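Here is the structure we will look at.
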Amino acid sequence: MTRDLPAVPCSSDVLVIGGGGSGLAAAVSAAQHGARVLLAEKQPRLGGTTALSVGSITAAGTRLQTRAGIRDSVEDFIADMVAFKPDLLTGDAPELRELLARESAATVDWLESLGVALVGPYPEPPHRVPRMHNVVPNSRSYIARLAEAARRLGVRILLSAEATELVRTGGRVTGAVLRTPGGPVTVTARLGVVLASGDFSGNASMRRAHLPAEAAAALPINQHATGDGHRLGAAVGAAWRRMEVTFGPQLRFPPPRRPGLVSRLPTWRWLCQVEAFLVQRLPAAALRPFVKSLLITHTSPTSALFASGALLVNSAGARFCDERTSVGALSSQDGARGFIIFDGRVAEKFNSPPNAISTAPGIAFAYFDDYRRGRPDLVYQASTASELATKIGVDAGKLSEAVHEGGLQPPLYAMGPVYSMLTVTEGGLAVDRELRVLDEHGEPIPGLYAVGGVAQGGMLLLGHGHHIAWAMTSGRVVGQLLCLTRDRTRRR
Ligand SMILES: Cc1cc2nc3c(=O)[nH]c(=O)nc-3n(C[C@H](O)[C@H](O)[C@H](O)COP(=O)(O)OP(=O)(O)OC[C@H]3O[C@@H](n4cnc5c(N)ncnc54)[C@H](O)[C@@H]3O)c2cc1C
């Protein structure tokens, strides 16, 4: 995948900064419209947070919805996205939400045309109809298919190439300086520079400056999501929007030492297509074991555990919060690490419907026994608090006190360790519906565009599949728009 480093300086029509989902989508789309594209990725491999994600993408009006007999509309999609939290989401960035809703189906169909294997749609209330599509077998196949398309279309991909500065000529952004293993390289871009650098959850000082204390202290899932594009944009006058918002932190179990089967499946195009075919046709019962393995690897334990009497203790074995209202306080405990403690009553309750420990809505549910079988590294049982404390490595006195205070009766169980983690942050650069980056006065900064997590422009994305829908849609659309601008200029 690594390309030879170019001679210094080097030129292109479009420079894309970031090789996750949105950057690859932008690069492929611009190249499909005839642009010479250079994509710079600071890591030695493509993927970003997109490759760490579950991979759901939510859209209205797709081929898969039509095949399932579902009629959908842009207006309903917009209303349902807002319905996840109307007091917060109403009117946040209406023109971007409209763009996302209007273009989402074309994006899903476009991804399919590039060989991305998607299944669904699946329900996720409050979406009134099933809209959630899932990539098969895992999110790395977005990256594999888009990278294949990029290579086919002649996109130059530079790995280990970190953009450190934007270059301006007469007020217009005309390129960027890249830090590469061979030294700095200046790339110029005739049509525009596209920031596709993801969110800032991995940047501790930006978290402290902008997020509420619990979110700021939580552990990022992607420590490389360091808000570079936010800072590069700000250095040339870009405005930031809704930097204080994140939908977290969440409790998360660590991934298993050996990744589960679904995560290990290769992303060969033919295999993905066969898997998608099987997923769409096999009865749900046949697929349940696979989905469960995803659930017990990727999803957060339900807060209903705590409403039913489970306790949260820190690494020392002590309680530190009211679990019903503030498990986010785990962020401020040592290592943001703890254990969920409960007794046989809770274990039994969370072993049958409707009380799952984690869920993929409408697809599968994972109960206590699923964790006990599938993640034995996370589940401990003991007949006394001292015995449990020894098994999980915490202070026996503190754990006994917590168990006594919580009124738990033997047998006792622990699940963990569990960490307070951030998936993504919501704040990003101000952009307009053409994905042009805006300054404090709402004026576009000539030559500068942004897509994906760095470009949410105040739009808050709550619910499954909305972030990837935005990353892929904004990327696909910016590629078209950049080339449309070129064509208009040529005609003049
Ligand atoms: C565990 C988890 C599960 C998730 N599941 C889902 C899901 O199922 N559905 C959904 O919609 N969303 C999901 N999300 C969120 C979603 O994955 C992201 O919001 C989305 O993929 C972001 O795409 P992006 O292209 O903006 O950023 P990224 O995919 O993070 O790509 C940004 C890229 O830019 C590179 N970069 C950064 N700075 C520079 C620089 N200075 N120079 C060069 N390169 C740079 C980075 O290395 C990275 O490769 C999940 C997130 C997590 C953490």
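Labels for the structure tokens follow display order: chains A, B, ..., residues from 1 in each chain, ligands from 1.
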Counting only C-alpha atoms and all ligand atoms, what residues are within 7 Å of ligand 1, given as a ChimeraX atom specification? /A:17-23,40-43,46-57,161-164,196-199,221-222,224-229,298,423-424,451-454,464-469,471
Expressed in Å, the length from CA of Arg488 in chain A to CA of Ser11 in chain A is 21.3 Å
Within 9 Å of Arg168 in chain A, counting only C-alpha atoms, which residues show up once you throw out same-chain ones fewer than 6 positions away? Write them as a list of chain:residue names, please. A:Thr174, A:Gly175, A:Ala176, A:Val236, A:Gly447
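Using only C-alpha atoms, the nearest neighbour of Thr180 in chain A within the list A:Ala59, A:Leu158, A:Asn203, A:Glu405 is A:Leu158.
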Could you tell me, as a PDB file with N, CA and C atoms, in the first residue's frame, which residues of range 49-230 of chain A DSSP assigns to strand (DSSP E or B) when given the backbone?
```
ATOM      1  N   SER A  56     -21.975  -0.018  11.281  1.00  0.00           N
ATOM      2  CA  SER A  56     -23.350   0.191  10.826  1.00  0.00           C
ATOM      3  C   SER A  56     -23.471   1.552  10.139  1.00  0.00           C
ATOM      4  N   ILE A  57     -24.320   1.585   9.144  1.00  0.00           N
ATOM      5  CA  ILE A  57     -24.551   2.836   8.385  1.00  0.00           C
ATOM      6  C   ILE A  57     -26.059   2.976   8.187  1.00  0.00           C
ATOM      7  N   THR A  58     -26.577   4.117   8.586  1.00  0.00           N
ATOM      8  CA  THR A  58     -28.026   4.311   8.590  1.00  0.00           C
ATOM      9  C   THR A  58     -28.408   5.261   7.457  1.00  0.00           C
ATOM     10  N   LEU A 118     -23.149  -5.067   2.208  1.00  0.00           N
ATOM     11  CA  LEU A 118     -23.986  -4.573   3.306  1.00  0.00           C
ATOM     12  C   LEU A 118     -25.203  -5.467   3.467  1.00  0.00           C
ATOM     13  N   VAL A 119     -25.671  -5.582   4.695  1.00  0.00           N
ATOM     14  CA  VAL A 119     -26.891  -6.354   4.960  1.00  0.00           C
ATOM     15  C   VAL A 119     -27.856  -5.485   5.763  1.00  0.00           C
ATOM     16  N   GLY A 120     -29.096  -5.896   5.784  1.00  0.00           N
ATOM     17  CA  GLY A 120     -30.120  -5.151   6.499  1.00  0.00           C
ATOM     18  C   GLY A 120     -31.266  -4.850   5.561  1.00  0.00           C
ATOM     19  N   PRO A 121     -32.070  -3.856   5.885  1.00  0.00           N
ATOM     20  CA  PRO A 121     -31.955  -2.926   6.996  1.00  0.00           C
ATOM     21  C   PRO A 121     -32.518  -3.514   8.291  1.00  0.00           C
ATOM     22  N   TYR A 122     -31.997  -3.018   9.434  1.00  0.00           N
ATOM     23  CA  TYR A 122     -32.429  -3.465  10.752  1.00  0.00           C
ATOM     24  C   TYR A 122     -33.102  -2.304  11.499  1.00  0.00           C
ATOM     25  N   MET A 132     -31.043   0.775   9.504  1.00  0.00           N
ATOM     26  CA  MET A 132     -29.638   0.524   9.829  1.00  0.00           C
ATOM     27  C   MET A 132     -29.106  -0.624   8.961  1.00  0.00           C
ATOM     28  N   HIS A 133     -28.041  -0.345   8.209  1.00  0.00           N
ATOM     29  CA  HIS A 133     -27.389  -1.355   7.380  1.00  0.00           C
ATOM     30  C   HIS A 133     -26.068  -1.718   8.048  1.00  0.00           C
ATOM     31  N   ASN A 134     -25.665  -2.979   7.922  1.00  0.00           N
ATOM     32  CA  ASN A 134     -24.400  -3.382   8.546  1.00  0.00           C
ATOM     33  C   ASN A 134     -23.446  -3.936   7.512  1.00  0.00           C
ATOM     34  N   VAL A 135     -22.163  -3.586   7.687  1.00  0.00           N
ATOM     35  CA  VAL A 135     -21.152  -4.037   6.741  1.00  0.00           C
ATOM     36  C   VAL A 135     -20.716  -5.456   7.118  1.00  0.00           C
ATOM     37  N   ARG A 156      -2.955   8.746  -5.393  1.00  0.00           N
ATOM     38  CA  ARG A 156      -1.652   8.503  -4.746  1.00  0.00           C
ATOM     39  C   ARG A 156      -1.869   8.520  -3.238  1.00  0.00           C
ATOM     40  N   ILE A 157      -1.500   7.421  -2.589  1.00  0.00           N
ATOM     41  CA  ILE A 157      -1.705   7.327  -1.140  1.00  0.00           C
ATOM     42  C   ILE A 157      -0.351   7.363  -0.450  1.00  0.00           C
ATOM     43  N   LEU A 158      -0.166   8.366   0.397  1.00  0.00           N
ATOM     44  CA  LEU A 158       1.067   8.450   1.179  1.00  0.00           C
ATOM     45  C   LEU A 158       0.764   8.028   2.608  1.00  0.00           C
ATOM     46  N   GLU A 162       2.074  12.920   7.831  1.00  0.00           N
ATOM     47  CA  GLU A 162       1.195  13.705   8.721  1.00  0.00           C
ATOM     48  C   GLU A 162       1.159  15.163   8.283  1.00  0.00           C
ATOM     49  N   ALA A 163      -0.030  15.674   8.034  1.00  0.00           N
ATOM     50  CA  ALA A 163      -0.146  17.091   7.676  1.00  0.00           C
ATOM     51  C   ALA A 163       0.100  17.916   8.930  1.00  0.00           C
ATOM     52  N   THR A 164       1.050  18.845   8.847  1.00  0.00           N
ATOM     53  CA  THR A 164       1.395  19.652  10.027  1.00  0.00           C
ATOM     54  C   THR A 164       1.005  21.113   9.853  1.00  0.00           C
ATOM     55  N   GLU A 165       0.728  21.524   8.627  1.00  0.00           N
ATOM     56  CA  GLU A 165       0.452  22.941   8.387  1.00  0.00           C
ATOM     57  C   GLU A 165      -0.274  23.089   7.049  1.00  0.00           C
ATOM     58  N   LEU A 166      -1.213  24.016   6.994  1.00  0.00           N
ATOM     59  CA  LEU A 166      -1.838  24.300   5.701  1.00  0.00           C
ATOM     60  C   LEU A 166      -1.069  25.439   5.042  1.00  0.00           C
ATOM     61  N   VAL A 167      -0.967  25.379   3.723  1.00  0.00           N
ATOM     62  CA  VAL A 167      -0.243  26.417   2.980  1.00  0.00           C
ATOM     63  C   VAL A 167      -1.280  27.342   2.344  1.00  0.00           C
ATOM     64  N   ARG A 168      -1.050  28.656   2.467  1.00  0.00           N
ATOM     65  CA  ARG A 168      -1.978  29.610   1.845  1.00  0.00           C
ATOM     66  C   ARG A 168      -1.258  30.472   0.811  1.00  0.00           C
ATOM     67  N   THR A 169      -1.977  30.777  -0.234  1.00  0.00           N
ATOM     68  CA  THR A 169      -1.438  31.687  -1.241  1.00  0.00           C
ATOM     69  C   THR A 169      -2.516  32.734  -1.497  1.00  0.00           C
ATOM     70  N   ARG A 172      -5.962  31.998  -0.072  1.00  0.00           N
ATOM     71  CA  ARG A 172      -6.576  30.717  -0.447  1.00  0.00           C
ATOM     72  C   ARG A 172      -5.701  29.578   0.067  1.00  0.00           C
ATOM     73  N   VAL A 173      -6.350  28.527   0.592  1.00  0.00           N
ATOM     74  CA  VAL A 173      -5.591  27.345   1.013  1.00  0.00           C
ATOM     75  C   VAL A 173      -5.215  26.576  -0.255  1.00  0.00           C
ATOM     76  N   THR A 174      -3.910  26.430  -0.469  1.00  0.00           N
ATOM     77  CA  THR A 174      -3.453  25.822  -1.735  1.00  0.00           C
ATOM     78  C   THR A 174      -2.663  24.538  -1.517  1.00  0.00           C
ATOM     79  N   GLY A 175      -2.539  24.102  -0.276  1.00  0.00           N
ATOM     80  CA  GLY A 175      -1.793  22.861  -0.053  1.00  0.00           C
ATOM     81  C   GLY A 175      -1.502  22.650   1.412  1.00  0.00           C
ATOM     82  N   ALA A 176      -0.572  21.744   1.671  1.00  0.00           N
ATOM     83  CA  ALA A 176      -0.208  21.450   3.059  1.00  0.00           C
ATOM     84  C   ALA A 176       1.224  20.939   3.116  1.00  0.00           C
ATOM     85  N   VAL A 177       1.812  21.103   4.301  1.00  0.00           N
ATOM     86  CA  VAL A 177       3.133  20.535   4.542  1.00  0.00           C
ATOM     87  C   VAL A 177       2.925  19.204   5.238  1.00  0.00           C
ATOM     88  N   LEU A 178       3.562  18.159   4.717  1.00  0.00           N
ATOM     89  CA  LEU A 178       3.442  16.819   5.299  1.00  0.00           C
ATOM     90  C   LEU A 178       4.761  16.448   5.959  1.00  0.00           C
ATOM     91  N   ARG A 179       4.645  15.884   7.174  1.00  0.00           N
ATOM     92  CA  ARG A 179       5.839  15.321   7.810  1.00  0.00           C
ATOM     93  C   ARG A 179       5.919  13.861   7.392  1.00  0.00           C
ATOM     94  N   THR A 180       6.997  13.505   6.699  1.00  0.00           N
ATOM     95  CA  THR A 180       7.144  12.123   6.219  1.00  0.00           C
ATOM     96  C   THR A 180       8.473  11.563   6.724  1.00  0.00           C
ATOM     97  N   GLY A 183      11.406  13.334   5.420  1.00  0.00           N
ATOM     98  CA  GLY A 183      11.496  14.791   5.605  1.00  0.00           C
ATOM     99  C   GLY A 183      10.210  15.455   5.155  1.00  0.00           C
ATOM    100  N   PRO A 184      10.131  16.780   5.367  1.00  0.00           N
ATOM    101  CA  PRO A 184       8.889  17.486   5.030  1.00  0.00           C
ATOM    102  C   PRO A 184       8.661  17.547   3.519  1.00  0.00           C
ATOM    103  N   VAL A 185       7.386  17.409   3.153  1.00  0.00           N
ATOM    104  CA  VAL A 185       6.998  17.474   1.745  1.00  0.00           C
ATOM    105  C   VAL A 185       5.867  18.497   1.641  1.00  0.00           C
ATOM    106  N   THR A 186       5.980  19.411   0.684  1.00  0.00           N
ATOM    107  CA  THR A 186       4.881  20.353   0.473  1.00  0.00           C
ATOM    108  C   THR A 186       4.057  19.878  -0.725  1.00  0.00           C
ATOM    109  N   VAL A 187       2.769  19.701  -0.484  1.00  0.00           N
ATOM    110  CA  VAL A 187       1.875  19.262  -1.568  1.00  0.00           C
ATOM    111  C   VAL A 187       0.954  20.417  -1.920  1.00  0.00           C
ATOM    112  N   THR A 188       0.859  20.736  -3.182  1.00  0.00           N
ATOM    113  CA  THR A 188      -0.099  21.767  -3.580  1.00  0.00           C
ATOM    114  C   THR A 188      -1.331  21.104  -4.196  1.00  0.00           C
ATOM    115  N   ALA A 189      -2.459  21.762  -4.043  1.00  0.00           N
ATOM    116  CA  ALA A 189      -3.722  21.188  -4.528  1.00  0.00           C
ATOM    117  C   ALA A 189      -4.478  22.294  -5.253  1.00  0.00           C
ATOM    118  N   ARG A 190      -4.681  22.104  -6.547  1.00  0.00           N
ATOM    119  CA  ARG A 190      -5.269  23.149  -7.402  1.00  0.00           C
ATOM    120  C   ARG A 190      -6.732  23.423  -7.048  1.00  0.00           C
ATOM    121  N   LEU A 191      -7.493  22.349  -6.768  1.00  0.00           N
ATOM    122  CA  LEU A 191      -8.925  22.542  -6.531  1.00  0.00           C
ATOM    123  C   LEU A 191      -9.264  22.734  -5.061  1.00  0.00           C
ATOM    124  N   GLY A 192      -8.519  22.063  -4.197  1.00  0.00           N
ATOM    125  CA  GLY A 192      -8.836  22.238  -2.777  1.00  0.00           C
ATOM    126  C   GLY A 192      -8.159  21.205  -1.897  1.00  0.00           C
ATOM    127  N   VAL A 193      -8.104  21.548  -0.615  1.00  0.00           N
ATOM    128  CA  VAL A 193      -7.585  20.634   0.414  1.00  0.00           C
ATOM    129  C   VAL A 193      -8.779  20.172   1.239  1.00  0.00           C
ATOM    130  N   VAL A 194      -8.882  18.854   1.452  1.00  0.00           N
ATOM    131  CA  VAL A 194     -10.014  18.299   2.209  1.00  0.00           C
ATOM    132  C   VAL A 194      -9.500  17.746   3.535  1.00  0.00           C
ATOM    133  N   LEU A 195      -9.935  18.347   4.636  1.00  0.00           N
ATOM    134  CA  LEU A 195      -9.580  17.801   5.950  1.00  0.00           C
ATOM    135  C   LEU A 195     -10.509  16.628   6.247  1.00  0.00           C
ATOM    136  N   LEU A 219     -11.041   7.262  28.825  1.00  0.00           N
ATOM    137  CA  LEU A 219     -10.009   6.758  27.913  1.00  0.00           C
ATOM    138  C   LEU A 219     -10.553   6.758  26.493  1.00  0.00           C
ATOM    139  N   PRO A 220      -9.788   7.272  25.528  1.00  0.00           N
ATOM    140  CA  PRO A 220     -10.272   7.241  24.144  1.00  0.00           C
ATOM    141  C   PRO A 220     -10.127   5.845  23.557  1.00  0.00           C
TER     142      PRO A 220
END
```
Using DSSP on the backbone coordinates, identify all residues within range 54-261 of chain A classified as alpha helix (DSSP H); present the result as number ranges by chain. A: 63-67, 74-82, 86-89, 94-113, 140-152, 204-210, 213-217, 228-235, 261
Kindly export the residues of the current selection with C-alpha atoms, as a PDB file, in the first residue's frame.
```pdb
ATOM      1  CA  ARG A  63     -31.900  -0.476  -2.516  1.00  0.00           C
ATOM      2  CA  LEU A  64     -31.917  -2.852   0.458  1.00  0.00           C
ATOM      3  CA  GLN A  65     -34.885  -1.031   2.008  1.00  0.00           C
ATOM      4  CA  THR A  66     -36.789  -1.188  -1.282  1.00  0.00           C
ATOM      5  CA  ARG A  67     -36.046  -4.903  -1.561  1.00  0.00           C
ATOM      6  CA  VAL A  74     -35.828  12.185   3.745  1.00  0.00           C
ATOM      7  CA  GLU A  75     -38.249  14.122   5.961  1.00  0.00           C
ATOM      8  CA  ASP A  76     -38.998  11.091   8.152  1.00  0.00           C
ATOM      9  CA  PHE A  77     -35.302  10.289   8.448  1.00  0.00           C
ATOM     10  CA  ILE A  78     -34.518  13.835   9.612  1.00  0.00           C
ATOM     11  CA  ALA A  79     -37.362  13.811  12.149  1.00  0.00           C
ATOM     12  CA  ASP A  80     -36.311  10.402  13.536  1.00  0.00           C
ATOM     13  CA  MET A  81     -32.639  11.376  13.927  1.00  0.00           C
ATOM     14  CA  VAL A  82     -33.735  14.376  15.963  1.00  0.00           C
ATOM     15  CA  PRO A  86     -35.115  16.406  20.653  1.00  0.00           C
ATOM     16  CA  ASP A  87     -34.144  18.938  23.326  1.00  0.00           C
ATOM     17  CA  LEU A  88     -30.499  18.772  22.221  1.00  0.00           C
ATOM     18  CA  LEU A  89     -30.732  17.944  18.526  1.00  0.00           C
ATOM     19  CA  PRO A  94     -30.389  21.746   9.736  1.00  0.00           C
ATOM     20  CA  GLU A  95     -28.675  22.152   6.360  1.00  0.00           C
ATOM     21  CA  LEU A  96     -26.081  19.450   7.167  1.00  0.00           C
ATOM     22  CA  ARG A  97     -28.688  17.054   8.533  1.00  0.00           C
ATOM     23  CA  GLU A  98     -30.727  17.585   5.381  1.00  0.00           C
ATOM     24  CA  LEU A  99     -27.656  16.878   3.252  1.00  0.00           C
ATOM     25  CA  LEU A 100     -26.970  13.694   5.214  1.00  0.00           C
ATOM     26  CA  ALA A 101     -30.561  12.479   4.956  1.00  0.00           C
ATOM     27  CA  ARG A 102     -30.967  13.394   1.275  1.00  0.00           C
ATOM     28  CA  GLU A 103     -27.677  11.839   0.116  1.00  0.00           C
ATOM     29  CA  SER A 104     -27.486   8.841   2.468  1.00  0.00           C
ATOM     30  CA  ALA A 105     -29.215   6.325   0.188  1.00  0.00           C
ATOM     31  CA  ALA A 106     -27.055   7.293  -2.796  1.00  0.00           C
ATOM     32  CA  THR A 107     -24.025   6.805  -0.536  1.00  0.00           C
ATOM     33  CA  VAL A 108     -25.061   3.305   0.507  1.00  0.00           C
ATOM     34  CA  ASP A 109     -25.778   2.372  -3.117  1.00  0.00           C
ATOM     35  CA  TRP A 110     -22.399   3.884  -4.144  1.00  0.00           C
ATOM     36  CA  LEU A 111     -20.574   1.856  -1.481  1.00  0.00           C
ATOM     37  CA  GLU A 112     -22.302  -1.271  -2.759  1.00  0.00           C
ATOM     38  CA  SER A 113     -21.231  -0.393  -6.308  1.00  0.00           C
ATOM     39  CA  ARG A 140     -12.289  -3.082   7.790  1.00  0.00           C
ATOM     40  CA  SER A 141     -14.041  -3.993   4.570  1.00  0.00           C
ATOM     41  CA  TYR A 142     -15.093  -0.335   4.028  1.00  0.00           C
ATOM     42  CA  ILE A 143     -11.395   0.487   4.035  1.00  0.00           C
ATOM     43  CA  ALA A 144     -10.416  -2.492   1.873  1.00  0.00           C
ATOM     44  CA  ARG A 145     -12.976  -1.722  -0.864  1.00  0.00           C
ATOM     45  CA  LEU A 146     -12.407   2.041  -0.882  1.00  0.00           C
ATOM     46  CA  ALA A 147      -8.617   1.581  -0.942  1.00  0.00           C
ATOM     47  CA  GLU A 148      -8.966  -0.863  -3.862  1.00  0.00           C
ATOM     48  CA  ALA A 149     -11.086   1.673  -5.753  1.00  0.00           C
ATOM     49  CA  ALA A 150      -8.638   4.472  -4.938  1.00  0.00           C
ATOM     50  CA  ARG A 151      -5.725   2.435  -6.292  1.00  0.00           C
ATOM     51  CA  ARG A 152      -7.680   1.539  -9.426  1.00  0.00           C
ATOM     52  CA  ALA A 204      -6.123  14.973  26.237  1.00  0.00           C
ATOM     53  CA  SER A 205      -5.579  18.723  26.236  1.00  0.00           C
ATOM     54  CA  MET A 206      -8.433  19.365  23.784  1.00  0.00           C
ATOM     55  CA  ARG A 207     -10.680  17.087  25.878  1.00  0.00           C
ATOM     56  CA  ARG A 208      -9.806  19.052  29.006  1.00  0.00           C
ATOM     57  CA  ALA A 209     -10.355  22.378  27.261  1.00  0.00           C
ATOM     58  CA  HIS A 210     -13.769  21.521  25.798  1.00  0.00           C
ATOM     59  CA  ALA A 213     -14.876  16.630  33.316  1.00  0.00           C
ATOM     60  CA  GLU A 214     -16.036  12.989  33.157  1.00  0.00           C
ATOM     61  CA  ALA A 215     -15.702  12.818  29.396  1.00  0.00           C
ATOM     62  CA  ALA A 216     -12.369  14.639  29.501  1.00  0.00           C
ATOM     63  CA  ALA A 217     -10.921  12.068  31.921  1.00  0.00           C
ATOM     64  CA  ASP A 228      -5.316  17.591  13.946  1.00  0.00           C
ATOM     65  CA  GLY A 229      -7.781  18.906  11.385  1.00  0.00           C
ATOM     66  CA  HIS A 230      -9.556  20.975  14.023  1.00  0.00           C
ATOM     67  CA  ARG A 231      -6.240  22.670  14.800  1.00  0.00           C
ATOM     68  CA  LEU A 232      -5.033  22.972  11.197  1.00  0.00           C
ATOM     69  CA  GLY A 233      -8.356  24.588  10.318  1.00  0.00           C
ATOM     70  CA  ALA A 234      -8.306  26.951  13.285  1.00  0.00           C
ATOM     71  CA  ALA A 235      -4.795  28.095  12.328  1.00  0.00           C
ATOM     72  CA  LEU A 261     -14.118 -14.892  14.666  1.00  0.00           C
TER      73      LEU A 261
END
```
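Residue neighbourhood of Gly171 in chain A, excluding near-sequence residues (fewer than 6 positions): Val236, Gly237, Pro444, Ile445, Pro446, Gly447 and Leu448 of chain A, at 12 Å, using only C-alpha atoms.
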Sorted per-residue table, range 358-455 of chain A near range 307-324 of chain A, closest atoms and distance, 9 Å, only C-alpha atoms, as a tab-separated table:
```
residue	atom	partner	partner_atom	distance
A:Ala389	CA	A:Gly317	CA	7.3
A:Ile392	CA	A:Gly317	CA	8.9
A:Gly393	CA	A:Ser315	CA	8.0
A:Val394	CA	A:Ala316	CA	4.9
A:Asp395	CA	A:Ala316	CA	5.5
A:Ala396	CA	A:Gly317	CA	7.3
A:Gly397	CA	A:Gly317	CA	8.3
A:Lys398	CA	A:Ala318	CA	5.1
A:Leu399	CA	A:Gly317	CA	4.7
A:Ser400	CA	A:Gly317	CA	8.5
A:Glu401	CA	A:Ala318	CA	7.8
A:Ala402	CA	A:Arg319	CA	6.1
A:Val403	CA	A:Leu311	CA	8.1
A:Gly406	CA	A:Leu311	CA	7.1
A:Gly407	CA	A:Gly309	CA	8.7
A:Leu408	CA	A:Gly309	CA	8.2
A:Pro417	CA	A:Ser315	CA	8.4
```
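The nearest approach to Ser29 in chain A among the residues A:Pro130, A:Pro123, A:Gly154, A:Gly458, with only C-alpha atoms taken into account, belongs to A:Gly154.
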Excluding Tyr419 in chain A and any residue of its chain fewer than 3 positions from it, enumerate the residues within 7 Å of it, using only C-alpha atoms, and give them as a ChimeraX atom specification. /A:251-253,336-338
Residues near Ser383 in chain A, cut-off 6 Å, only C-alpha atoms, skip fewer than 4 positions along chain, as a PyMOL selection string: chain A and resi 410-412
Write the residues of the preceding selection, restricted to N, CA, C and O atoms, as a PDB file, in the first residue's frame.
```pdb
ATOM      1  N   PRO A 410     -24.639 -14.119  48.555  1.00  0.00           N
ATOM      2  CA  PRO A 410     -23.928 -15.119  47.754  1.00  0.00           C
ATOM      3  C   PRO A 410     -24.923 -16.003  46.973  1.00  0.00           C
ATOM      4  O   PRO A 410     -26.037 -16.207  47.478  1.00  0.00           O
ATOM      5  N   PRO A 411     -24.519 -16.530  45.800  1.00  0.00           N
ATOM      6  CA  PRO A 411     -23.202 -16.377  45.197  1.00  0.00           C
ATOM      7  C   PRO A 411     -22.997 -14.971  44.621  1.00  0.00           C
ATOM      8  O   PRO A 411     -23.952 -14.342  44.175  1.00  0.00           O
ATOM      9  N   LEU A 412     -21.742 -14.547  44.624  1.00  0.00           N
ATOM     10  CA  LEU A 412     -21.407 -13.204  44.121  1.00  0.00           C
ATOM     11  C   LEU A 412     -20.692 -13.323  42.769  1.00  0.00           C
ATOM     12  O   LEU A 412     -19.971 -14.298  42.526  1.00  0.00           O
TER      13      LEU A 412
END
```
Just the residues within 9 Å of Pro301 in chain A, please, counting only C-alpha atoms, with nothing from its chain fewer than 4 positions along; format it as a compact mmCIF listing (two decimals) with all heavy atoms, in the first residue's frame.
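Contents of the output file selection_13.txt:
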```txt
# COMPACT_ATOMS: atom_id res chain seq x y z
N GLN A 250 -18.79 5.95 28.09
CA GLN A 250 -19.56 4.72 28.27
C GLN A 250 -18.68 3.68 28.95
O GLN A 250 -17.46 3.72 28.80
CB GLN A 250 -19.93 4.14 26.91
CG GLN A 250 -20.83 5.01 26.10
CD GLN A 250 -20.76 4.63 24.63
OE1 GLN A 250 -19.93 3.83 24.20
NE2 GLN A 250 -21.67 5.20 23.84
N LEU A 251 -19.33 2.76 29.66
CA LEU A 251 -18.58 1.63 30.22
C LEU A 251 -18.31 0.65 29.09
O LEU A 251 -19.22 0.34 28.30
CB LEU A 251 -19.38 0.94 31.31
CG LEU A 251 -19.66 1.75 32.57
CD1 LEU A 251 -20.37 0.89 33.60
CD2 LEU A 251 -18.39 2.34 33.16
N ARG A 252 -17.09 0.16 29.00
CA ARG A 252 -16.76 -0.83 27.97
C ARG A 252 -15.82 -1.87 28.52
O ARG A 252 -14.90 -1.55 29.27
CB ARG A 252 -16.07 -0.16 26.79
CG ARG A 252 -17.04 0.62 25.95
CD ARG A 252 -16.43 1.04 24.65
NE ARG A 252 -17.52 1.52 23.81
CZ ARG A 252 -17.96 0.92 22.72
NH1 ARG A 252 -17.38 -0.18 22.30
NH2 ARG A 252 -18.96 1.41 22.03
N PHE A 253 -16.08 -3.11 28.14
CA PHE A 253 -15.14 -4.18 28.48
C PHE A 253 -13.98 -4.14 27.49
O PHE A 253 -14.17 -3.73 26.34
CB PHE A 253 -15.83 -5.55 28.37
CG PHE A 253 -16.97 -5.73 29.35
CD1 PHE A 253 -18.25 -5.97 28.89
CD2 PHE A 253 -16.75 -5.65 30.72
CE1 PHE A 253 -19.31 -6.14 29.78
CE2 PHE A 253 -17.80 -5.81 31.61
CZ PHE A 253 -19.08 -6.06 31.14
N ILE A 296 -20.67 -9.28 22.57
CA ILE A 296 -19.89 -9.41 23.80
C ILE A 296 -18.47 -8.87 23.63
O ILE A 296 -17.73 -8.73 24.58
CB ILE A 296 -19.87 -10.87 24.34
CG1 ILE A 296 -19.26 -11.82 23.32
CG2 ILE A 296 -21.25 -11.31 24.77
CD1 ILE A 296 -19.25 -13.27 23.80
N LEU A 305 -28.49 -2.97 34.49
CA LEU A 305 -27.84 -3.79 35.52
C LEU A 305 -27.81 -3.04 36.85
O LEU A 305 -28.08 -3.60 37.92
CB LEU A 305 -26.39 -4.09 35.12
CG LEU A 305 -26.12 -5.24 34.16
CD1 LEU A 305 -24.67 -5.18 33.69
CD2 LEU A 305 -26.39 -6.58 34.83
N ALA A 356 -31.43 -8.20 28.62
CA ALA A 356 -30.12 -8.54 28.06
C ALA A 356 -29.05 -7.64 28.67
O ALA A 356 -29.34 -6.52 29.09
CB ALA A 356 -30.15 -8.36 26.56
N ILE A 357 -27.81 -8.12 28.68
CA ILE A 357 -26.70 -7.27 29.14
C ILE A 357 -26.25 -6.36 28.00
O ILE A 357 -25.86 -5.22 28.20
CB ILE A 357 -25.53 -8.14 29.68
CG1 ILE A 357 -25.98 -8.80 30.99
CG2 ILE A 357 -24.27 -7.30 29.90
CD1 ILE A 357 -24.94 -9.61 31.71
N SER A 358 -26.31 -6.85 26.77
CA SER A 358 -26.07 -5.98 25.62
C SER A 358 -26.95 -6.43 24.46
O SER A 358 -27.37 -7.58 24.39
CB SER A 358 -24.58 -5.99 25.23
OG SER A 358 -24.13 -7.31 25.07
N THR A 359 -27.21 -5.48 23.56
CA THR A 359 -28.19 -5.74 22.48
C THR A 359 -27.73 -5.17 21.16
O THR A 359 -27.14 -4.09 21.13
CB THR A 359 -29.51 -4.97 22.72
OG1 THR A 359 -29.44 -4.28 23.93
CG2 THR A 359 -30.70 -5.81 22.64
```
